[in-house]
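S.K.: Hey, dropping entry-v7.txt in here, compact mmCIF, C-alpha atoms:
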```txt
# COMPACT_ATOMS: atom_id res chain seq x y z
CA MET B 1 81.89 -35.93 -30.16
CA SER B 2 81.23 -36.21 -26.48
CA ASP B 3 78.50 -34.17 -24.77
CA PHE B 4 80.76 -33.38 -21.85
CA THR B 5 84.48 -32.80 -21.64
CA LEU B 6 86.86 -34.97 -19.69
CA GLY B 7 86.79 -33.80 -16.08
CA ARG B 8 89.20 -34.05 -13.15
CA LEU B 9 90.57 -37.43 -12.25
CA ASN B 10 88.85 -37.53 -8.87
CA HIS B 11 90.71 -40.65 -7.73
CA VAL B 12 92.39 -43.91 -8.65
CA GLY B 13 90.67 -46.85 -6.97
CA ILE B 14 93.02 -49.47 -5.58
CA ALA B 15 91.79 -52.78 -4.22
CA THR B 16 93.59 -54.20 -1.22
CA PRO B 17 93.17 -57.19 1.08
CA SER B 18 94.04 -54.87 3.99
CA ILE B 19 93.44 -51.13 4.12
CA GLU B 20 95.53 -50.99 7.27
CA ARG B 21 98.59 -52.48 5.54
CA SER B 22 98.06 -50.34 2.43
CA ILE B 23 97.83 -47.17 4.51
CA ALA B 24 101.18 -48.09 6.07
CA LEU B 25 102.70 -48.50 2.57
CA TYR B 26 101.45 -45.17 1.24
CA ARG B 27 102.51 -43.43 4.46
CA ASP B 28 105.86 -45.09 5.13
CA VAL B 29 107.09 -45.90 1.61
CA LEU B 30 105.63 -43.02 -0.44
CA GLY B 31 105.32 -40.38 2.26
CA ALA B 32 101.57 -39.77 2.22
CA THR B 33 100.66 -37.20 4.88
CA HIS B 34 96.93 -36.66 4.28
CA ILE B 35 95.18 -39.93 5.00
CA GLY B 36 91.47 -40.00 5.72
CA GLU B 37 89.72 -42.20 8.25
CA PRO B 38 88.59 -45.49 6.68
CA PHE B 39 84.81 -45.86 6.54
CA ASP B 40 82.27 -48.45 5.45
CA LEU B 41 80.16 -48.31 2.30
CA PRO B 42 77.61 -50.98 3.25
CA ALA B 43 75.79 -50.85 -0.10
CA GLN B 44 78.97 -52.06 -1.79
CA GLY B 45 80.20 -54.30 1.02
CA VAL B 46 83.50 -52.45 1.21
CA LYS B 47 85.57 -50.30 3.51
CA VAL B 48 87.29 -47.35 1.80
CA CYS B 49 90.00 -44.88 2.70
CA PHE B 50 91.03 -41.78 0.73
CA ILE B 51 94.65 -40.66 0.60
CA ASP B 52 95.33 -37.19 -0.80
CA THR B 53 98.06 -36.43 -3.27
CA PRO B 54 98.60 -32.73 -4.11
CA ASN B 55 96.32 -33.02 -7.16
CA THR B 56 94.02 -36.03 -6.73
CA GLN B 57 93.26 -38.95 -4.41
CA ILE B 58 93.97 -42.63 -4.04
CA GLU B 59 90.92 -44.62 -2.90
CA LEU B 60 91.88 -47.78 -1.04
CA ILE B 61 89.09 -50.37 -1.14
CA GLU B 62 88.86 -53.47 1.05
CA PRO B 63 85.92 -55.85 0.82
CA TYR B 64 84.29 -57.03 4.03
CA ASP B 65 81.76 -59.14 2.20
CA ASP B 66 82.62 -62.07 -0.07
CA SER B 67 79.87 -61.08 -2.48
CA SER B 68 81.49 -57.68 -3.10
CA PRO B 69 82.81 -57.20 -6.63
CA ILE B 70 86.09 -56.25 -4.95
CA ALA B 71 86.28 -59.71 -3.38
CA GLY B 72 86.17 -61.20 -6.88
CA PHE B 73 88.90 -58.82 -8.02
CA LEU B 74 91.11 -59.90 -5.10
CA ARG B 75 90.60 -63.58 -5.87
CA LYS B 76 92.24 -62.87 -9.23
CA ASN B 77 94.74 -60.40 -7.76
CA PRO B 78 95.41 -61.55 -4.19
CA ALA B 79 98.04 -58.87 -3.48
CA GLY B 80 95.65 -56.13 -4.61
CA GLY B 81 96.00 -53.79 -7.55
CA GLN B 82 94.55 -50.92 -9.55
CA HIS B 83 90.80 -51.36 -9.77
CA HIS B 84 89.31 -48.27 -11.45
CA VAL B 85 89.79 -44.62 -12.39
CA CYS B 86 87.17 -42.00 -11.54
CA PHE B 87 86.49 -38.87 -13.59
CA GLU B 88 84.21 -36.02 -12.57
CA VAL B 89 81.24 -34.84 -14.62
CA PRO B 90 79.04 -31.78 -13.94
CA GLU B 91 75.75 -33.73 -13.71
CA ILE B 92 75.34 -37.48 -13.57
CA HIS B 93 72.02 -37.94 -15.38
CA ALA B 94 73.13 -35.86 -18.36
CA ALA B 95 76.40 -37.79 -18.46
CA VAL B 96 74.63 -41.15 -18.31
CA ALA B 97 72.22 -40.12 -21.08
CA ALA B 98 75.13 -38.96 -23.25
CA LEU B 99 77.08 -42.16 -22.62
CA LYS B 100 74.07 -44.39 -23.36
CA ALA B 101 73.41 -42.44 -26.57
CA LYS B 102 76.93 -43.43 -27.63
CA GLY B 103 76.14 -47.10 -27.02
CA VAL B 104 78.23 -47.35 -23.86
CA THR B 105 77.16 -49.94 -21.28
CA ILE B 106 76.50 -48.40 -17.87
CA LEU B 107 76.66 -50.76 -14.88
CA GLY B 108 73.49 -50.19 -12.87
CA GLU B 109 71.73 -46.95 -12.02
CA PRO B 110 73.31 -43.82 -10.54
CA ARG B 111 73.93 -44.34 -6.85
CA ILE B 112 75.59 -42.37 -4.08
CA GLY B 113 79.32 -43.01 -3.98
CA ALA B 114 82.03 -42.59 -1.39
CA HIS B 115 82.08 -38.79 -1.79
CA GLY B 116 78.33 -38.47 -1.27
CA THR B 117 77.55 -37.58 -4.89
CA PRO B 118 75.99 -39.85 -7.53
CA ILE B 119 78.25 -42.16 -9.49
CA VAL B 120 78.03 -44.86 -12.13
CA PHE B 121 80.54 -47.24 -13.66
CA ILE B 122 81.19 -47.77 -17.37
CA HIS B 123 81.72 -51.37 -18.40
CA PRO B 124 85.44 -52.02 -19.04
CA LYS B 125 84.60 -53.62 -22.39
CA ASP B 126 83.67 -50.15 -23.63
CA MET B 127 86.79 -48.42 -22.27
CA GLY B 128 89.71 -50.58 -23.38
CA GLY B 129 89.64 -52.92 -20.39
CA VAL B 130 89.61 -50.07 -17.86
CA LEU B 131 86.83 -49.83 -15.28
CA VAL B 132 85.83 -46.16 -15.36
CA GLU B 133 83.77 -44.52 -12.63
CA VAL B 134 81.94 -41.31 -13.51
CA MET B 135 81.19 -39.10 -10.51
CA GLU B 136 79.18 -35.92 -10.19
CA THR B 137 81.66 -33.29 -9.01
CA PRO B 138 81.47 -33.00 -5.22
CA ALA B 139 80.26 -29.60 -4.01
CA GLU B 140 83.30 -29.10 -1.80
CA ALA B 141 85.73 -30.03 -4.56
CA HIS B 142 89.37 -29.82 -3.57
CA GLY B 143 92.34 -28.89 -5.74
CA MET H 1 108.70 -42.31 8.07
CA SER H 2 109.35 -41.47 4.47
CA ASP H 3 112.17 -39.15 3.44
CA PHE H 4 109.98 -37.44 0.88
CA THR H 5 106.30 -36.66 0.88
CA LEU H 6 103.83 -38.05 -1.62
CA GLY H 7 103.98 -35.88 -4.72
CA ARG H 8 101.58 -35.17 -7.56
CA LEU H 9 100.06 -38.06 -9.41
CA ASN H 10 101.80 -37.26 -12.68
CA HIS H 11 99.81 -39.82 -14.66
CA VAL H 12 97.99 -43.13 -14.73
CA GLY H 13 99.59 -45.52 -17.19
CA ILE H 14 97.11 -47.52 -19.27
CA ALA H 15 98.21 -50.35 -21.54
CA THR H 16 96.37 -50.76 -24.82
CA PRO H 17 96.67 -52.95 -27.89
CA SER H 18 95.91 -49.86 -30.00
CA ILE H 19 96.70 -46.27 -29.03
CA GLU H 20 94.63 -45.13 -31.99
CA ARG H 21 91.50 -46.92 -30.76
CA SER H 22 92.10 -45.80 -27.16
CA ILE H 23 92.50 -42.17 -28.23
CA ALA H 24 89.12 -42.46 -29.95
CA LEU H 25 87.55 -43.78 -26.72
CA TYR H 26 88.93 -41.05 -24.49
CA ARG H 27 87.98 -38.41 -27.06
CA ASP H 28 84.56 -39.64 -28.16
CA VAL H 29 83.28 -41.38 -25.02
CA LEU H 30 84.84 -39.31 -22.23
CA GLY H 31 85.28 -36.01 -24.05
CA ALA H 32 89.07 -35.60 -23.86
CA THR H 33 90.11 -32.42 -25.67
CA HIS H 34 93.86 -32.24 -24.96
CA ILE H 35 95.46 -35.24 -26.61
CA GLY H 36 99.18 -35.24 -27.35
CA GLU H 37 100.84 -36.70 -30.43
CA PRO H 38 101.80 -40.35 -29.90
CA PHE H 39 105.56 -40.91 -29.88
CA ASP H 40 107.98 -43.82 -29.60
CA LEU H 41 110.06 -44.69 -26.56
CA PRO H 42 112.50 -47.09 -28.25
CA ALA H 43 114.31 -48.01 -25.02
CA GLN H 44 111.05 -49.53 -23.73
CA GLY H 45 109.76 -50.80 -27.07
CA VAL H 46 106.55 -48.81 -26.68
CA LYS H 47 104.60 -46.00 -28.26
CA VAL H 48 103.00 -43.60 -25.76
CA CYS H 49 100.40 -40.85 -25.89
CA PHE H 50 99.50 -38.42 -23.10
CA ILE H 51 95.95 -37.23 -22.61
CA ASP H 52 95.39 -34.29 -20.25
CA THR H 53 92.70 -34.18 -17.65
CA PRO H 54 92.30 -30.87 -15.77
CA ASN H 55 94.55 -32.11 -12.96
CA THR H 56 96.73 -34.97 -14.27
CA GLN H 57 97.35 -37.11 -17.33
CA ILE H 58 96.50 -40.49 -18.75
CA GLU H 59 99.46 -42.21 -20.44
CA LEU H 60 98.37 -44.63 -23.13
CA ILE H 61 101.04 -47.26 -23.80
CA GLU H 62 101.14 -49.61 -26.80
CA PRO H 63 103.97 -52.09 -27.30
CA TYR H 64 105.57 -52.35 -30.72
CA ASP H 65 108.01 -55.00 -29.57
CA ASP H 66 107.00 -58.43 -28.25
CA SER H 67 109.77 -58.30 -25.67
CA SER H 68 108.30 -55.16 -24.09
CA PRO H 69 106.96 -55.67 -20.56
CA ILE H 70 103.74 -54.13 -21.88
CA ALA H 71 103.41 -56.97 -24.39
CA GLY H 72 103.43 -59.41 -21.47
CA PHE H 73 100.78 -57.36 -19.66
CA LEU H 74 98.56 -57.44 -22.76
CA ARG H 75 98.92 -61.20 -23.09
CA LYS H 76 97.28 -61.42 -19.66
CA ASN H 77 94.88 -58.52 -20.34
CA PRO H 78 94.18 -58.56 -24.09
CA ALA H 79 91.71 -55.66 -23.97
CA GLY H 80 94.22 -53.47 -22.11
CA GLY H 81 93.95 -52.09 -18.61
CA GLN H 82 95.46 -49.97 -15.87
CA HIS H 83 99.20 -50.63 -15.83
CA HIS H 84 100.85 -48.23 -13.34
CA VAL H 85 100.52 -45.02 -11.38
CA CYS H 86 103.26 -42.38 -11.44
CA PHE H 87 104.07 -40.03 -8.57
CA GLU H 88 106.47 -37.09 -8.74
CA VAL H 89 109.50 -36.69 -6.46
CA PRO H 90 111.82 -33.67 -6.24
CA GLU H 91 115.02 -35.61 -7.02
CA ILE H 92 115.27 -39.15 -8.25
CA HIS H 93 118.55 -40.28 -6.68
CA ALA H 94 117.52 -39.11 -3.23
CA ALA H 95 114.17 -40.84 -3.67
CA VAL H 96 115.79 -44.10 -4.79
CA ALA H 97 118.22 -44.02 -1.87
CA ALA H 98 115.35 -43.41 0.56
CA LEU H 99 113.26 -46.20 -0.96
CA LYS H 100 116.16 -48.69 -0.91
CA ALA H 101 116.89 -47.78 2.71
CA LYS H 102 113.32 -48.88 3.47
CA GLY H 103 113.96 -52.25 1.82
CA VAL H 104 111.88 -51.48 -1.26
CA THR H 105 112.84 -53.25 -4.50
CA ILE H 106 113.58 -50.81 -7.31
CA LEU H 107 113.35 -52.19 -10.85
CA GLY H 108 116.55 -51.19 -12.64
CA GLU H 109 118.46 -47.92 -12.50
CA PRO H 110 117.03 -44.44 -13.01
CA ARG H 111 116.42 -43.83 -16.71
CA ILE H 112 114.86 -41.07 -18.76
CA GLY H 113 111.10 -41.47 -19.00
CA ALA H 114 108.44 -40.20 -21.36
CA HIS H 115 108.54 -36.69 -19.85
CA GLY H 116 112.31 -36.40 -20.29
CA THR H 117 113.11 -36.64 -16.58
CA PRO H 118 114.56 -39.64 -14.72
CA ILE H 119 112.17 -42.32 -13.50
CA VAL H 120 112.26 -45.69 -11.75
CA PHE H 121 109.64 -48.28 -10.97
CA ILE H 122 108.93 -49.85 -7.58
CA HIS H 123 108.23 -53.58 -7.65
CA PRO H 124 104.48 -54.20 -7.18
CA LYS H 125 105.22 -56.76 -4.44
CA ASP H 126 106.30 -53.84 -2.26
CA MET H 127 103.27 -51.66 -3.05
CA GLY H 128 100.25 -53.90 -2.60
CA GLY H 129 100.25 -55.27 -6.14
CA VAL H 130 100.41 -51.81 -7.74
CA LEU H 131 103.23 -50.97 -10.14
CA VAL H 132 104.39 -47.52 -9.01
CA GLU H 133 106.53 -45.25 -11.15
CA VAL H 134 108.50 -42.53 -9.39
CA MET H 135 109.37 -39.57 -11.63
CA GLU H 136 111.53 -36.53 -11.01
CA THR H 137 109.16 -33.55 -11.37
CA PRO H 138 109.39 -32.20 -14.91
CA ALA H 139 110.77 -28.63 -15.10
CA GLU H 140 107.77 -27.40 -17.06
CA ALA H 141 105.27 -28.95 -14.68
CA HIS H 142 101.65 -28.36 -15.57
CA GLY H 143 98.73 -27.95 -13.22
```
Kindly present the structure from the file in structure tokens form.
M.R.:
Amino acid sequence: MSDFTLGRLNHVGIATPSIERSIALYRDVLGATHIGEPFDLPAQGVKVCFIDTPNTQIELIEPYDDSSPIAGFLRKNPAGGQHHVCFEVPEIHAAVAALKAKGVTILGEPRIGAHGTPIVFIHPKDMGGVLVEVMETPAEAHG
Amino acid sequence: MSDFTLGRLNHVGIATPSIERSIALYRDVLGATHIGEPFDLPAQGVKVCFIDTPNTQIELIEPYDDSSPIAGFLRKNPAGGQHHVCFEVPEIHAAVAALKAKGVTILGEPRIGAHGTPIVFIHPKDMGGVLVEVMETPAEAHG
């Protein structure tokens, strides 16, 4: 049994060598109409951009620093690709404690993510090869 | 300009060597409570299982046929991983015509997908390395 229930899929994280080109794809090919302004997350060495769908978001992620984990992902996947999925939890420290109690490997300590609330990542080895971000639900949650 | 606007993210498709083990992860680690019965999609040589989040779904996909495209994905990613994202469109033939008019490569002809409505896939080379499924909105849409 889990100590929290599966929350909203806040976003799907997609790595790209060029946020500008990816924005053009989501806008011109798929018809995205709600595209945020790209902004830097210096702690992670990446630039991010959120694109709204009616029920969730796509997070485009472009590294500007070769030491970024995203840079490593792009060396293996030069065209870009799906990088992670992010689920919301009510409170990050309770979620981390519950996950650790289940023997799940948490990557690092809770830190402030792109939505301004604390996040952690679960090691893909514990989630069937999928990198899972766990995010405290933003106060001004949409949808 | 697109001829349709970006629709709901119907699901994230996740390939797994074992739907049974993946169901246990989403249930026991992440607290999923709405887990469908796995079922076969013989045309694709896969078994699938939908897990509900409050706003979208996770589609677990396990190949039972070595010729399945999912089997090839798992040879490269033995632990499993994120395989595709699926966006809804109002009408599949109009969407395919609009996508082809933009020079996008569509993989095959519209066929009936796991939700019983027609779907196609866009080649990842045209979507920044991401395999994108386009699905006609199911009649009994949730959320």
S.K.: Return chain B as a PDB file with C-alpha atoms, keeping the file's coordinate frame, after superposing it on chain H by a least-squares fit that covers all C-alpha atoms paired in order.
M.R.:
```pdb
ATOM      1  CA  MET B   1     108.682 -42.220   8.107  1.00  0.00           C
ATOM      2  CA  SER B   2     109.353 -41.448   4.500  1.00  0.00           C
ATOM      3  CA  ASP B   3     112.183 -39.123   3.438  1.00  0.00           C
ATOM      4  CA  PHE B   4     109.981 -37.419   0.889  1.00  0.00           C
ATOM      5  CA  THR B   5     106.292 -36.637   0.881  1.00  0.00           C
ATOM      6  CA  LEU B   6     103.830 -38.038  -1.600  1.00  0.00           C
ATOM      7  CA  GLY B   7     103.976 -35.874  -4.714  1.00  0.00           C
ATOM      8  CA  ARG B   8     101.577 -35.153  -7.575  1.00  0.00           C
ATOM      9  CA  LEU B   9     100.063 -38.061  -9.409  1.00  0.00           C
ATOM     10  CA  ASN B  10     101.800 -37.252 -12.683  1.00  0.00           C
ATOM     11  CA  HIS B  11      99.810 -39.820 -14.668  1.00  0.00           C
ATOM     12  CA  VAL B  12      97.979 -43.128 -14.724  1.00  0.00           C
ATOM     13  CA  GLY B  13      99.577 -45.527 -17.197  1.00  0.00           C
ATOM     14  CA  ILE B  14      97.122 -47.522 -19.273  1.00  0.00           C
ATOM     15  CA  ALA B  15      98.211 -50.345 -21.544  1.00  0.00           C
ATOM     16  CA  THR B  16      96.370 -50.751 -24.815  1.00  0.00           C
ATOM     17  CA  PRO B  17      96.671 -52.959 -27.887  1.00  0.00           C
ATOM     18  CA  SER B  18      95.925 -49.857 -29.992  1.00  0.00           C
ATOM     19  CA  ILE B  19      96.692 -46.271 -29.034  1.00  0.00           C
ATOM     20  CA  GLU B  20      94.632 -45.129 -31.993  1.00  0.00           C
ATOM     21  CA  ARG B  21      91.497 -46.919 -30.750  1.00  0.00           C
ATOM     22  CA  SER B  22      92.101 -45.801 -27.156  1.00  0.00           C
ATOM     23  CA  ILE B  23      92.487 -42.177 -28.227  1.00  0.00           C
ATOM     24  CA  ALA B  24      89.109 -42.453 -29.965  1.00  0.00           C
ATOM     25  CA  LEU B  25      87.549 -43.793 -26.725  1.00  0.00           C
ATOM     26  CA  TYR B  26      88.938 -41.053 -24.493  1.00  0.00           C
ATOM     27  CA  ARG B  27      87.979 -38.407 -27.062  1.00  0.00           C
ATOM     28  CA  ASP B  28      84.562 -39.649 -28.163  1.00  0.00           C
ATOM     29  CA  VAL B  29      83.274 -41.391 -25.022  1.00  0.00           C
ATOM     30  CA  LEU B  30      84.847 -39.299 -22.233  1.00  0.00           C
ATOM     31  CA  GLY B  31      85.293 -36.005 -24.052  1.00  0.00           C
ATOM     32  CA  ALA B  32      89.067 -35.601 -23.861  1.00  0.00           C
ATOM     33  CA  THR B  33      90.108 -32.413 -25.666  1.00  0.00           C
ATOM     34  CA  HIS B  34      93.855 -32.238 -24.959  1.00  0.00           C
ATOM     35  CA  ILE B  35      95.461 -35.233 -26.610  1.00  0.00           C
ATOM     36  CA  GLY B  36      99.169 -35.257 -27.344  1.00  0.00           C
ATOM     37  CA  GLU B  37     100.836 -36.703 -30.415  1.00  0.00           C
ATOM     38  CA  PRO B  38     101.807 -40.354 -29.877  1.00  0.00           C
ATOM     39  CA  PHE B  39     105.566 -40.918 -29.875  1.00  0.00           C
ATOM     40  CA  ASP B  40     107.980 -43.824 -29.601  1.00  0.00           C
ATOM     41  CA  LEU B  41     110.073 -44.699 -26.561  1.00  0.00           C
ATOM     42  CA  PRO B  42     112.507 -47.090 -28.262  1.00  0.00           C
ATOM     43  CA  ALA B  43     114.309 -48.020 -25.031  1.00  0.00           C
ATOM     44  CA  GLN B  44     111.067 -49.525 -23.745  1.00  0.00           C
ATOM     45  CA  GLY B  45     109.756 -50.795 -27.076  1.00  0.00           C
ATOM     46  CA  VAL B  46     106.544 -48.824 -26.698  1.00  0.00           C
ATOM     47  CA  LYS B  47     104.587 -46.008 -28.261  1.00  0.00           C
ATOM     48  CA  VAL B  48     102.990 -43.608 -25.756  1.00  0.00           C
ATOM     49  CA  CYS B  49     100.399 -40.864 -25.882  1.00  0.00           C
ATOM     50  CA  PHE B  50      99.496 -38.427 -23.089  1.00  0.00           C
ATOM     51  CA  ILE B  51      95.929 -37.233 -22.616  1.00  0.00           C
ATOM     52  CA  ASP B  52      95.395 -34.292 -20.263  1.00  0.00           C
ATOM     53  CA  THR B  53      92.686 -34.161 -17.661  1.00  0.00           C
ATOM     54  CA  PRO B  54      92.306 -30.844 -15.779  1.00  0.00           C
ATOM     55  CA  ASN B  55      94.551 -32.110 -12.960  1.00  0.00           C
ATOM     56  CA  THR B  56      96.716 -34.965 -14.261  1.00  0.00           C
ATOM     57  CA  GLN B  57      97.360 -37.116 -17.334  1.00  0.00           C
ATOM     58  CA  ILE B  58      96.489 -40.494 -18.753  1.00  0.00           C
ATOM     59  CA  GLU B  59      99.454 -42.201 -20.442  1.00  0.00           C
ATOM     60  CA  LEU B  60      98.366 -44.638 -23.133  1.00  0.00           C
ATOM     61  CA  ILE B  61     101.037 -47.268 -23.809  1.00  0.00           C
ATOM     62  CA  GLU B  62     101.142 -49.605 -26.806  1.00  0.00           C
ATOM     63  CA  PRO B  63     103.971 -52.078 -27.297  1.00  0.00           C
ATOM     64  CA  TYR B  64     105.568 -52.347 -30.722  1.00  0.00           C
ATOM     65  CA  ASP B  65     107.989 -55.008 -29.601  1.00  0.00           C
ATOM     66  CA  ASP B  66     106.984 -58.430 -28.274  1.00  0.00           C
ATOM     67  CA  SER B  67     109.759 -58.307 -25.699  1.00  0.00           C
ATOM     68  CA  SER B  68     108.289 -55.165 -24.107  1.00  0.00           C
ATOM     69  CA  PRO B  69     106.968 -55.672 -20.581  1.00  0.00           C
ATOM     70  CA  ILE B  70     103.745 -54.129 -21.891  1.00  0.00           C
ATOM     71  CA  ALA B  71     103.411 -56.972 -24.397  1.00  0.00           C
ATOM     72  CA  GLY B  72     103.431 -59.418 -21.482  1.00  0.00           C
ATOM     73  CA  PHE B  73     100.803 -57.352 -19.682  1.00  0.00           C
ATOM     74  CA  LEU B  74      98.566 -57.437 -22.775  1.00  0.00           C
ATOM     75  CA  ARG B  75      98.906 -61.201 -23.111  1.00  0.00           C
ATOM     76  CA  LYS B  76      97.277 -61.425 -19.679  1.00  0.00           C
ATOM     77  CA  ASN B  77      94.900 -58.525 -20.351  1.00  0.00           C
ATOM     78  CA  PRO B  78      94.203 -58.557 -24.097  1.00  0.00           C
ATOM     79  CA  ALA B  79      91.700 -55.672 -23.980  1.00  0.00           C
ATOM     80  CA  GLY B  80      94.203 -53.488 -22.118  1.00  0.00           C
ATOM     81  CA  GLY B  81      93.938 -52.090 -18.623  1.00  0.00           C
ATOM     82  CA  GLN B  82      95.502 -49.993 -15.885  1.00  0.00           C
ATOM     83  CA  HIS B  83      99.227 -50.645 -15.827  1.00  0.00           C
ATOM     84  CA  HIS B  84     100.842 -48.246 -13.332  1.00  0.00           C
ATOM     85  CA  VAL B  85     100.520 -45.009 -11.369  1.00  0.00           C
ATOM     86  CA  CYS B  86     103.260 -42.375 -11.438  1.00  0.00           C
ATOM     87  CA  PHE B  87     104.066 -40.010  -8.572  1.00  0.00           C
ATOM     88  CA  GLU B  88     106.478 -37.091  -8.735  1.00  0.00           C
ATOM     89  CA  VAL B  89     109.484 -36.692  -6.450  1.00  0.00           C
ATOM     90  CA  PRO B  90     111.823 -33.668  -6.226  1.00  0.00           C
ATOM     91  CA  GLU B  91     115.024 -35.612  -7.035  1.00  0.00           C
ATOM     92  CA  ILE B  92     115.267 -39.174  -8.261  1.00  0.00           C
ATOM     93  CA  HIS B  93     118.551 -40.289  -6.685  1.00  0.00           C
ATOM     94  CA  ALA B  94     117.515 -39.117  -3.222  1.00  0.00           C
ATOM     95  CA  ALA B  95     114.161 -40.844  -3.665  1.00  0.00           C
ATOM     96  CA  VAL B  96     115.780 -44.091  -4.797  1.00  0.00           C
ATOM     97  CA  ALA B  97     118.215 -44.019  -1.863  1.00  0.00           C
ATOM     98  CA  ALA B  98     115.346 -43.411   0.570  1.00  0.00           C
ATOM     99  CA  LEU B  99     113.259 -46.199  -0.950  1.00  0.00           C
ATOM    100  CA  LYS B 100     116.161 -48.680  -0.910  1.00  0.00           C
ATOM    101  CA  ALA B 101     116.886 -47.779   2.724  1.00  0.00           C
ATOM    102  CA  LYS B 102     113.318 -48.875   3.474  1.00  0.00           C
ATOM    103  CA  GLY B 103     113.947 -52.241   1.819  1.00  0.00           C
ATOM    104  CA  VAL B 104     111.869 -51.469  -1.264  1.00  0.00           C
ATOM    105  CA  THR B 105     112.839 -53.242  -4.492  1.00  0.00           C
ATOM    106  CA  ILE B 106     113.590 -50.809  -7.312  1.00  0.00           C
ATOM    107  CA  LEU B 107     113.345 -52.189 -10.857  1.00  0.00           C
ATOM    108  CA  GLY B 108     116.551 -51.202 -12.636  1.00  0.00           C
ATOM    109  CA  GLU B 109     118.460 -47.937 -12.519  1.00  0.00           C
ATOM    110  CA  PRO B 110     117.031 -44.445 -13.016  1.00  0.00           C
ATOM    111  CA  ARG B 111     116.413 -43.842 -16.693  1.00  0.00           C
ATOM    112  CA  ILE B 112     114.861 -41.080 -18.761  1.00  0.00           C
ATOM    113  CA  GLY B 113     111.107 -41.496 -19.017  1.00  0.00           C
ATOM    114  CA  ALA B 114     108.436 -40.220 -21.356  1.00  0.00           C
ATOM    115  CA  HIS B 115     108.554 -36.702 -19.869  1.00  0.00           C
ATOM    116  CA  GLY B 116     112.318 -36.413 -20.298  1.00  0.00           C
ATOM    117  CA  THR B 117     113.112 -36.649 -16.581  1.00  0.00           C
ATOM    118  CA  PRO B 118     114.552 -39.656 -14.725  1.00  0.00           C
ATOM    119  CA  ILE B 119     112.177 -42.332 -13.505  1.00  0.00           C
ATOM    120  CA  VAL B 120     112.259 -45.690 -11.765  1.00  0.00           C
ATOM    121  CA  PHE B 121     109.635 -48.297 -10.976  1.00  0.00           C
ATOM    122  CA  ILE B 122     108.937 -49.852  -7.576  1.00  0.00           C
ATOM    123  CA  HIS B 123     108.239 -53.568  -7.633  1.00  0.00           C
ATOM    124  CA  PRO B 124     104.490 -54.209  -7.185  1.00  0.00           C
ATOM    125  CA  LYS B 125     105.235 -56.749  -4.450  1.00  0.00           C
ATOM    126  CA  ASP B 126     106.311 -53.834  -2.261  1.00  0.00           C
ATOM    127  CA  MET B 127     103.281 -51.646  -3.039  1.00  0.00           C
ATOM    128  CA  GLY B 128     100.260 -53.902  -2.585  1.00  0.00           C
ATOM    129  CA  GLY B 129     100.245 -55.273  -6.127  1.00  0.00           C
ATOM    130  CA  VAL B 130     100.419 -51.816  -7.720  1.00  0.00           C
ATOM    131  CA  LEU B 131     103.224 -50.961 -10.137  1.00  0.00           C
ATOM    132  CA  VAL B 132     104.387 -47.521  -9.001  1.00  0.00           C
ATOM    133  CA  GLU B 133     106.537 -45.253 -11.150  1.00  0.00           C
ATOM    134  CA  VAL B 134     108.502 -42.522  -9.388  1.00  0.00           C
ATOM    135  CA  MET B 135     109.371 -39.572 -11.621  1.00  0.00           C
ATOM    136  CA  GLU B 136     111.523 -36.529 -11.017  1.00  0.00           C
ATOM    137  CA  THR B 137     109.171 -33.562 -11.365  1.00  0.00           C
ATOM    138  CA  PRO B 138     109.399 -32.192 -14.909  1.00  0.00           C
ATOM    139  CA  ALA B 139     110.768 -28.645 -15.086  1.00  0.00           C
ATOM    140  CA  GLU B 140     107.769 -27.389 -17.036  1.00  0.00           C
ATOM    141  CA  ALA B 141     105.281 -28.971 -14.649  1.00  0.00           C
ATOM    142  CA  HIS B 142     101.661 -28.319 -15.511  1.00  0.00           C
ATOM    143  CA  GLY B 143      98.721 -27.928 -13.145  1.00  0.00           C
TER     144      GLY B 143
END
```
S.K.: Can you list, as a PyMOL selection string, every protein, DNA or RNA residue that comes within 9 Å of H:Pro54 when you count only C-alpha atoms, leaving out same-chain residues fewer than 3 positions away?
M.R.: (chain B and resi 6-9) or (chain H and resi 57+143)
S.K.: Would you list the contacts of B:Ile70 as JSON, numbers by chain, taking every protein, DNA or RNA residue within 8 Å and counting only C-alpha atoms, but skipping same-chain residues closer than 5 positions in sequence?
M.R.: {"B": [15, 46, 61, 62, 63]}
S.K.: Suppose you want the space between atom CA of H:Glu133 and atom CA of H:Ile119; what is it in Å?
M.R.: 6.8 Å
S.K.: From the list B:Leu60, B:Ile106, B:Ile23, B:Ala94, which residue is nearest B:Asp40 when using all atoms listed in the file?
M.R.: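 Using all atoms listed in the file, B:Asp40 sits closest to B:Leu60.
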S.K.: Could you jot down the atom CA of H:Glu37 to atom CA of H:Cys49 separation for me, Å, one decimal place?
M.R.: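 Taking atom CA of H:Glu37 and atom CA of H:Cys49, their separation equals 6.2 Å.
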S.K.: Give me, please, the distance in Å between atom CA of B:Glu136 and atom CA of B:Ala114, quoted to one decimal.
M.R.: 11.4 Å
